[in-house]
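K.L.:
Pasting a structure below so you can have a look.
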Amino acid sequence: MNLLSLIRQRFAPALSELVPDVSPLLDMIRPAQDAKFGDFQANFAMPLAKQLGKPPREVAQQVLDRLDLSDFCEPPEIAGPGFINVRLRADFVASRIQQIAGDDRLGYQPVALPRHVVVDFSSPNVAKPMHVGHLRSTVIGDAICRTLRFVGHKVTSDNHIGDWGTQFGMIIYGYRHFRDDASWQASPVGELARLYKLVNQLSDYHATTAKLPLLQKAVTEAREKLAQLQAQAVADDKVKKQLSAMKKDVTTADAELSAAVASIARIQDSPSLLASANAHPDIARKAREETARLHAGDPENNALWNQFLPSCLEALNQIYRRLGISFDLTLGESHYNPMLPGVVESLKSRGLAKLSEGATCVFLEGNAAPFIVQKTDGAYTYATTDLATILYRRESLKADEVLYVVDKRQSEHFQQLFATTLLWGISGLKLQHVSFGTVMGNDNKPYKTRAGDTVGLESLLDEAISRARRIVDENDDRRETPLLTPEDRARVSEIVGLGGIKYADLHHSRDSDYVFDWDKMLATTGDTATYMQYAYARVCGIFRRLQIDRTAMKTQGVPVLLNTPEERRLAMQLLMFGYAIDSVLNDYRPHLLTAWLFDTADAFSQFFDRCSVQNAESEELQKSRLILCDLMARAIHTGLSLLGIQVAEIM
Ligand code: ARG
C-alpha cells in the first residue's frame, strides 16, 4: 500500500468525529518537505480551526486525542501554528524494507478494481516522416500505458494514425505525376516521403507567390508607421512603448517577407523544380480533389491507398521498434470511415447537429466556434471521426476510460468533443485529454534544423546514440582494463542515448514547453536517465567486486539496520515508491515518477558516500547495506522500465 494512503486512512475516522467532510482535509496530509519535520505533515489545522471556531493548535490537539498511530509511528507532534508532524517508527521502516526486499514490485499491490483504459497516443499522420514533435505523445503515452498496466489495469494502446487525411491526396497526385519508378522499387517509403515533400513544396510555392504582394505591402506599411512615430520624437513613455511595439512589427513583417522570398527562391533556383511548379499551377486544388475521390470510394485511388499504406506503416514501425514501443491496436482514421454517415445522422436525429451555412454543426454553449461534423462540400471532419472512435471504443472495446495524449494546441477540439459526447448520451466513459507542450530549440522556438526544417525522428535517435557512444567510450577507456566489448558498447550506447531522449521529455511537467538540449540530456549527474543508469550500474559493480550474487539478496531475510540518517532516508525513499506511482496516475503525470527516481538516486548517492559497504563495521551491517543497494537498483530498474527506459549492468 501507498504509505500516505495508510496515514490518511488513519486520520479519516479521527477527523470525521469533528467535521462531516474530511476529504479536503485529508488531501492536506502530505509527505514532509524536510526530514526534520518527520516523514509526513498534516497541514489542515487552519481550515479546521475556521470550521470549528477554535485556535488551530487546539484543534490539532483534538485530532491527536482521537488518533492512534502507535503501531507504526512515533507519537505525532504539533509544530508552529498547528502542523502535525508524523514520523514512522524505525522498526516499522526496517521491517517494511525487509518485506519488500524480495519483491520486484517493491511492495506495490495490484488495484482491486481494474479499469479498461484505452490510451490513444503517438497517432501521427502517416505518409510523412515522423519528426521531433511526435516524440512527446509517443514517449508520454507509452509511459502511461506501462504504469497503468503495472498497477493492474487493463490497457489497450491504440495508435490512432492519420491515414485518411489530405496528405493522401498529395501523394496520390505526386505518384501520378512525379513518380520515379527506380526509387519506388528501391524504397517505397523514401519515394513517398519525397513525393509528399515535393507536392507540398510546389503547393507552398504557388500559395507564397500569391501572398507575396500582401507581405510586401505589410512591410512598407509597418516601416511607414515607424517612420511617422520616430518623426514625432517626443520621448514620453507612451511613445516609447508604441515605438518599441512598432519596431517589433517591422521585424516580424520583415522576417515573414524574407522567409517567403527564400522559399520562393528555393524553387526558382532549381530549373527542374521551377519547371514542375509551372507545369502544375493548380496542384493544391487537384491534390484536394484526389483526397475527395479517395473518400468517395473511387476504386483507383483506393487501390493506390492500399498500395501505399503498408510502406507508411513500415516506416513508422521502424521507429517504434527502435524506441521499444508497441501498440495493441493501430486502427487509424480510415477504420471509422464507414461509420461517419451514421454518426452525423444520429447527431441530427437527436437534434444535436444542425445545418448552418451548408455545414452540419453541433453548437455548444460557451463556444464561439461550432463543432463541425460535415463540411459544406459533404466532407466529414476530424471531429466526426473522433466521435465515431468514441462510439467504437465504448461499444466494441467496452472501455471505461479513454486518454488522448495529444498536443495542447488541440485542447479546444477535445473540450468540444467531450461536451458533444456527453450530449450525445454516451455514458459510463471517462474521457481525458492528456495534453503536452512543444519541444523547443535553443532559440525558444519550436525545434528545427539549421535550415529551418522539422527535425526527423530517425536522425534524432541516431544522433542520441552516437553522442551516447562517445560518453560510453570515454568512460570505459578510463578504466585500467576496459570492461566492454565493441558490441557491449554499441548496446549500452543505445540504452543511454534512447533513455536520455525519453527521460528528457518525461521529466518536464507535460504541459510546459521544454528546450531540447543534448548536453543536459546526457549529463552524467543531475536529473537525467544517465544519472539513474549510473546508480544502477554502480550497485552492480559493488556486487561484482564483492563477488556476491545480487539475486541472492532477495531471499536472505537478514535484518535491516537503519542507524544513520542516510540509510533511513534511502529506506524512506524506497517505501515512497507506491505513493509516486499513485501520484503519476492521479493526473497522468510521468514527471512525478522521474522526480521520485531522482530523489532515490540522490538518496543513494549520499548513502553511498557516507556508509561504506565494503568496509562496513560488521558482517551484519554489510548485509543490511547490500539489501538497501540491491533494492535501490531494483527500484531504479522498475521505475525506469515504467518509463520505457532500460538499464545496463556495466556502463
Ligand atoms: N493525427 C492527429 C495529429 O497528428 C492526432 C490524433 C490524436 N488522436 C485523436 N483521437 N484525435 O494531429
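Labels for the C-alpha cells follow display order: chains A, B, ..., residues from 1 in each chain, ligands from 1.
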Please find the residues contacting ligand 1 at a distance of at most 7 Å between atoms, with only C-alpha atoms and all ligand atoms counted, and report them as JSON, numbers by chain.
P.N.:
{"A": [120, 121, 123, 124, 125, 160, 161, 162, 386, 404, 406]}
K.L.:
As a PyMOL selection string, which residues of stretch 159-400 of chain A does DSSP assign to alpha helix (DSSP H)?
P.N.:
chain A and resi 166-178+181-186+188-232+237-268+271-279+283-295+299-323+340-349+382-395
K.L.:
Name the residues in contact with A:Arg146 at a cut-off of 12 Å, using only C-alpha atoms, excluding same-chain residues fewer than 5 positions from it; report them as number ranges by chain.
P.N.:
A: 117, 119, 139-141, 151-157, 324-327, 581, 584-585, 588, 590, 638-645
K.L.:
How would the residues just picked look written out with N, CA and C atoms as an mmCIF file, in the first residue's frame?
P.N.:
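What follows is the written file again03.cif:
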```cif
data_model
loop_
_atom_site.group_PDB
_atom_site.id
_atom_site.type_symbol
_atom_site.label_atom_id
_atom_site.label_comp_id
_atom_site.auth_asym_id
_atom_site.auth_seq_id
_atom_site.Cartn_x
_atom_site.Cartn_y
_atom_site.Cartn_z
ATOM 1 N N VAL A 117 -8.668 0.862 -19.802
ATOM 2 C CA VAL A 117 -8.297 2.197 -20.272
ATOM 3 C C VAL A 117 -7.730 2.098 -21.694
ATOM 4 N N VAL A 119 -5.607 3.981 -24.370
ATOM 5 C CA VAL A 119 -4.697 5.127 -24.451
ATOM 6 C C VAL A 119 -4.415 5.398 -25.929
ATOM 7 N N VAL A 139 6.292 9.058 -26.267
ATOM 8 C CA VAL A 139 7.014 8.703 -25.056
ATOM 9 C C VAL A 139 6.112 8.821 -23.814
ATOM 10 N N ILE A 140 5.341 9.884 -23.743
ATOM 11 C CA ILE A 140 4.456 10.073 -22.587
ATOM 12 C C ILE A 140 3.372 8.995 -22.578
ATOM 13 N N GLY A 141 2.789 8.746 -23.756
ATOM 14 C CA GLY A 141 1.724 7.744 -23.851
ATOM 15 C C GLY A 141 2.222 6.369 -23.455
ATOM 16 N N VAL A 151 0.050 -1.251 -12.392
ATOM 17 C CA VAL A 151 -0.823 -1.256 -11.220
ATOM 18 C C VAL A 151 -2.011 -2.203 -11.404
ATOM 19 N N GLY A 152 -2.151 -2.784 -12.584
ATOM 20 C CA GLY A 152 -3.148 -3.832 -12.752
ATOM 21 C C GLY A 152 -4.349 -3.483 -13.605
ATOM 22 N N HIS A 153 -4.351 -2.317 -14.246
ATOM 23 C CA HIS A 153 -5.474 -2.006 -15.127
ATOM 24 C C HIS A 153 -5.331 -2.733 -16.456
ATOM 25 N N LYS A 154 -6.468 -2.872 -17.145
ATOM 26 C CA LYS A 154 -6.408 -3.412 -18.498
ATOM 27 C C LYS A 154 -6.182 -2.225 -19.436
ATOM 28 N N VAL A 155 -5.163 -2.325 -20.265
ATOM 29 C CA VAL A 155 -4.827 -1.193 -21.128
ATOM 30 C C VAL A 155 -4.901 -1.625 -22.590
ATOM 31 N N THR A 156 -5.545 -0.812 -23.416
ATOM 32 C CA THR A 156 -5.454 -1.010 -24.856
ATOM 33 C C THR A 156 -4.774 0.220 -25.426
ATOM 34 N N SER A 157 -3.563 0.012 -25.929
ATOM 35 C CA SER A 157 -2.880 1.156 -26.542
ATOM 36 C C SER A 157 -3.314 1.203 -28.004
ATOM 37 N N GLY A 324 11.378 0.755 -28.783
ATOM 38 C CA GLY A 324 10.857 -0.295 -27.902
ATOM 39 C C GLY A 324 9.403 -0.053 -27.532
ATOM 40 N N ILE A 325 8.634 0.481 -28.469
ATOM 41 C CA ILE A 325 7.239 0.822 -28.184
ATOM 42 C C ILE A 325 6.327 0.030 -29.108
ATOM 43 N N SER A 326 5.254 -0.537 -28.524
ATOM 44 C CA SER A 326 4.330 -1.270 -29.391
ATOM 45 C C SER A 326 2.890 -0.901 -29.042
ATOM 46 N N PHE A 327 1.999 -1.226 -29.942
ATOM 47 C CA PHE A 327 0.588 -0.873 -29.762
ATOM 48 C C PHE A 327 -0.276 -2.124 -29.841
ATOM 49 N N ILE A 581 3.919 6.207 -7.708
ATOM 50 C CA ILE A 581 3.134 5.592 -8.779
ATOM 51 C C ILE A 581 1.702 6.131 -8.765
ATOM 52 N N VAL A 584 1.473 9.591 -10.150
ATOM 53 C CA VAL A 584 1.559 9.645 -11.610
ATOM 54 C C VAL A 584 0.168 9.418 -12.210
ATOM 55 N N LEU A 585 -0.530 8.417 -11.689
ATOM 56 C CA LEU A 585 -1.801 8.040 -12.310
ATOM 57 C C LEU A 585 -2.954 8.959 -11.919
ATOM 58 N N TYR A 588 -2.095 11.572 -14.658
ATOM 59 C CA TYR A 588 -1.244 11.135 -15.757
ATOM 60 C C TYR A 588 -0.047 12.064 -15.961
ATOM 61 N N PRO A 590 3.868 11.601 -15.736
ATOM 62 C CA PRO A 590 5.068 10.779 -15.525
ATOM 63 C C PRO A 590 6.213 11.529 -14.844
ATOM 64 N N THR A 638 12.925 -0.831 -12.042
ATOM 65 C CA THR A 638 11.470 -0.860 -12.212
ATOM 66 C C THR A 638 10.946 0.515 -12.619
ATOM 67 N N GLY A 639 11.398 1.533 -11.919
ATOM 68 C CA GLY A 639 10.930 2.890 -12.217
ATOM 69 C C GLY A 639 11.244 3.274 -13.654
ATOM 70 N N LEU A 640 12.488 3.049 -14.076
ATOM 71 C CA LEU A 640 12.851 3.404 -15.448
ATOM 72 C C LEU A 640 12.062 2.563 -16.445
ATOM 73 N N SER A 641 11.854 1.285 -16.122
ATOM 74 C CA SER A 641 11.146 0.438 -17.089
ATOM 75 C C SER A 641 9.705 0.941 -17.280
ATOM 76 N N LEU A 642 9.127 1.545 -16.248
ATOM 77 C CA LEU A 642 7.782 2.102 -16.414
ATOM 78 C C LEU A 642 7.804 3.316 -17.333
ATOM 79 N N LEU A 643 8.984 3.870 -17.518
ATOM 80 C CA LEU A 643 9.115 4.998 -18.451
ATOM 81 C C LEU A 643 9.605 4.520 -19.814
ATOM 82 N N GLY A 644 9.773 3.220 -19.947
ATOM 83 C CA GLY A 644 10.252 2.674 -21.225
ATOM 84 C C GLY A 644 11.751 2.823 -21.397
ATOM 85 N N ILE A 645 12.474 2.904 -20.263
ATOM 86 C CA ILE A 645 13.926 3.119 -20.321
ATOM 87 C C ILE A 645 14.639 1.911 -19.720
#
```
K.L.:
A:Ile471, A:Ile29, A:Leu195, A:Ala231: which is nearest A:Lys128, counting only C-alpha atoms?
P.N.:
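Checking each of A:Ile471, A:Ile29, A:Leu195, A:Ala231 against A:Lys128, counting only C-alpha atoms, the winner is A:Leu195.
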K.L.:
Point out the residue among A:Leu340, A:Ala255, A:Val455, A:Leu498 with the least atom-to-atom distance to A:Met130, counting only C-alpha atoms.
P.N.:
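Counting only C-alpha atoms, the residue closest to A:Met130 is A:Val455.
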K.L.:
Skip A:Asn85 itself and residues of its chain fewer than 6 positions away, then list as a CSV table (one decimal) with N, CA, C and O atoms, in the first residue's frame all residues within 8 Å of it, counting only C-alpha atoms.
P.N.:
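The resulting file, around-v5.csv, is reproduced below:
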```
chain,number,residue,atom,x,y,z
A,32,ALA,N,6.5,15.1,4.1
A,32,ALA,CA,7.1,16.3,4.7
A,32,ALA,C,8.2,16.8,3.7
A,32,ALA,O,8.8,16.0,3.0
A,37,PHE,N,11.1,17.6,9.9
A,37,PHE,CA,9.7,17.7,10.3
A,37,PHE,C,9.0,16.3,10.3
A,37,PHE,O,7.8,16.1,10.4
A,38,GLY,N,9.9,15.3,10.2
A,38,GLY,CA,9.3,13.9,10.2
A,38,GLY,C,9.1,13.4,8.7
A,38,GLY,O,9.7,14.0,7.8
A,39,ASP,N,8.2,12.5,8.6
A,39,ASP,CA,8.0,11.9,7.2
A,39,ASP,C,6.8,12.4,6.5
A,39,ASP,O,6.8,12.5,5.3
A,40,PHE,N,5.8,12.8,7.3
A,40,PHE,CA,4.5,13.3,6.8
A,40,PHE,C,4.1,14.5,7.6
A,40,PHE,O,4.5,14.6,8.8
A,41,GLN,N,3.4,15.4,7.0
A,41,GLN,CA,2.9,16.5,7.7
A,41,GLN,C,1.5,16.8,7.4
A,41,GLN,O,1.1,16.7,6.2
A,42,ALA,N,0.7,17.0,8.4
A,42,ALA,CA,-0.8,17.4,8.2
A,42,ALA,C,-0.9,18.9,8.4
A,42,ALA,O,-0.6,19.4,9.4
A,76,PRO,N,2.9,11.6,17.3
A,76,PRO,CA,2.9,12.8,16.4
A,76,PRO,C,3.1,14.0,17.2
A,76,PRO,O,2.8,14.1,18.4
A,77,GLU,N,3.7,15.1,16.6
A,77,GLU,CA,4.0,16.3,17.3
A,77,GLU,C,3.3,17.5,16.6
A,77,GLU,O,3.1,17.5,15.4
A,78,ILE,N,2.9,18.4,17.5
A,78,ILE,CA,2.3,19.7,16.9
A,78,ILE,C,3.4,20.7,16.8
A,78,ILE,O,4.1,20.9,17.8
A,79,ALA,N,3.5,21.3,15.7
A,79,ALA,CA,4.6,22.3,15.5
A,79,ALA,C,4.0,23.6,15.0
A,79,ALA,O,2.9,23.6,14.4
```
K.L.:
May I ask which of the residues A:Ile548, A:Val132, A:Leu397, A:Val59 is the closest one to A:Gly441, counting only C-alpha atoms?
P.N.:
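Distance minimum relative to A:Gly441 lands on A:Val132.
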K.L.:
Using DSSP assignments from the backbone, pull out every residue in stretch 190-371 of chain A that falls under strand (DSSP E) and give it to me as a PDB file with N, CA and C atoms, in the first residue's frame.
P.N.:
```
ATOM      1  N   ALA A 353     -27.187  18.131 -33.931  1.00  0.00           N
ATOM      2  CA  ALA A 353     -26.476  18.762 -35.045  1.00  0.00           C
ATOM      3  C   ALA A 353     -27.485  19.464 -35.944  1.00  0.00           C
ATOM      4  N   LYS A 354     -27.076  20.667 -36.390  1.00  0.00           N
ATOM      5  CA  LYS A 354     -27.979  21.455 -37.240  1.00  0.00           C
ATOM      6  C   LYS A 354     -27.217  21.940 -38.455  1.00  0.00           C
ATOM      7  N   LEU A 355     -27.992  22.202 -39.515  1.00  0.00           N
ATOM      8  CA  LEU A 355     -27.392  22.750 -40.721  1.00  0.00           C
ATOM      9  C   LEU A 355     -27.162  24.245 -40.506  1.00  0.00           C
ATOM     10  N   SER A 356     -25.946  24.706 -40.789  1.00  0.00           N
ATOM     11  CA  SER A 356     -25.666  26.136 -40.655  1.00  0.00           C
ATOM     12  C   SER A 356     -24.730  26.537 -41.783  1.00  0.00           C
ATOM     13  N   ALA A 359     -23.071  23.756 -43.676  1.00  0.00           N
ATOM     14  CA  ALA A 359     -22.319  22.746 -42.921  1.00  0.00           C
ATOM     15  C   ALA A 359     -23.183  22.202 -41.787  1.00  0.00           C
ATOM     16  N   THR A 360     -22.890  20.956 -41.373  1.00  0.00           N
ATOM     17  CA  THR A 360     -23.636  20.384 -40.251  1.00  0.00           C
ATOM     18  C   THR A 360     -22.806  20.570 -38.985  1.00  0.00           C
ATOM     19  N   CYS A 361     -23.399  21.237 -38.010  1.00  0.00           N
ATOM     20  CA  CYS A 361     -22.613  21.653 -36.838  1.00  0.00           C
ATOM     21  C   CYS A 361     -23.324  21.315 -35.544  1.00  0.00           C
ATOM     22  N   VAL A 362     -22.503  21.088 -34.506  1.00  0.00           N
ATOM     23  CA  VAL A 362     -23.044  20.997 -33.151  1.00  0.00           C
ATOM     24  C   VAL A 362     -22.680  22.319 -32.469  1.00  0.00           C
ATOM     25  N   PHE A 371     -18.875  23.006 -33.537  1.00  0.00           N
ATOM     26  CA  PHE A 371     -18.133  21.767 -33.765  1.00  0.00           C
ATOM     27  C   PHE A 371     -18.670  21.203 -35.085  1.00  0.00           C
TER      28      PHE A 371
END
```
K.L.:
Would you kindly return, as an NGL selection string, each protein, DNA or RNA residue with an atom no farther than 10 Å from any atom of A:Arg89, considering only C-alpha atoms and excluding same-chain residues fewer than 5 positions away?
P.N.:
:A and (69-75 or 94)
K.L.:
Just want the 9 Å neighbourhood of A:Val63, counted on only C-alpha atoms, with same-chain residues fewer than 6 positions away dropped. Output as a PyMOL selection string.
P.N.:
chain A and resi 11+14-15+17-18
K.L.:
With only C-alpha atoms as the atoms that count, which of A:Arg322, A:Tyr173, A:Glu567, A:Glu357 lies nearest to A:Asp282?
P.N.:
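Closest to A:Asp282 of all the choices is A:Tyr173.
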K.L.:
May I ask for the distance between atom CA of A:Ala222 and atom CA of A:Val239, given in Å to one decimal place?
P.N.:
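Interatomic distance, atom CA of A:Ala222 to atom CA of A:Val239: 15.7 Å.
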K.L.:
Show which residues sit within 12 Å of A:Lys520, as a count of residues only. Count only C-alpha atoms, and ignore same-chain residues fewer than 5 positions away.
P.N.:
14
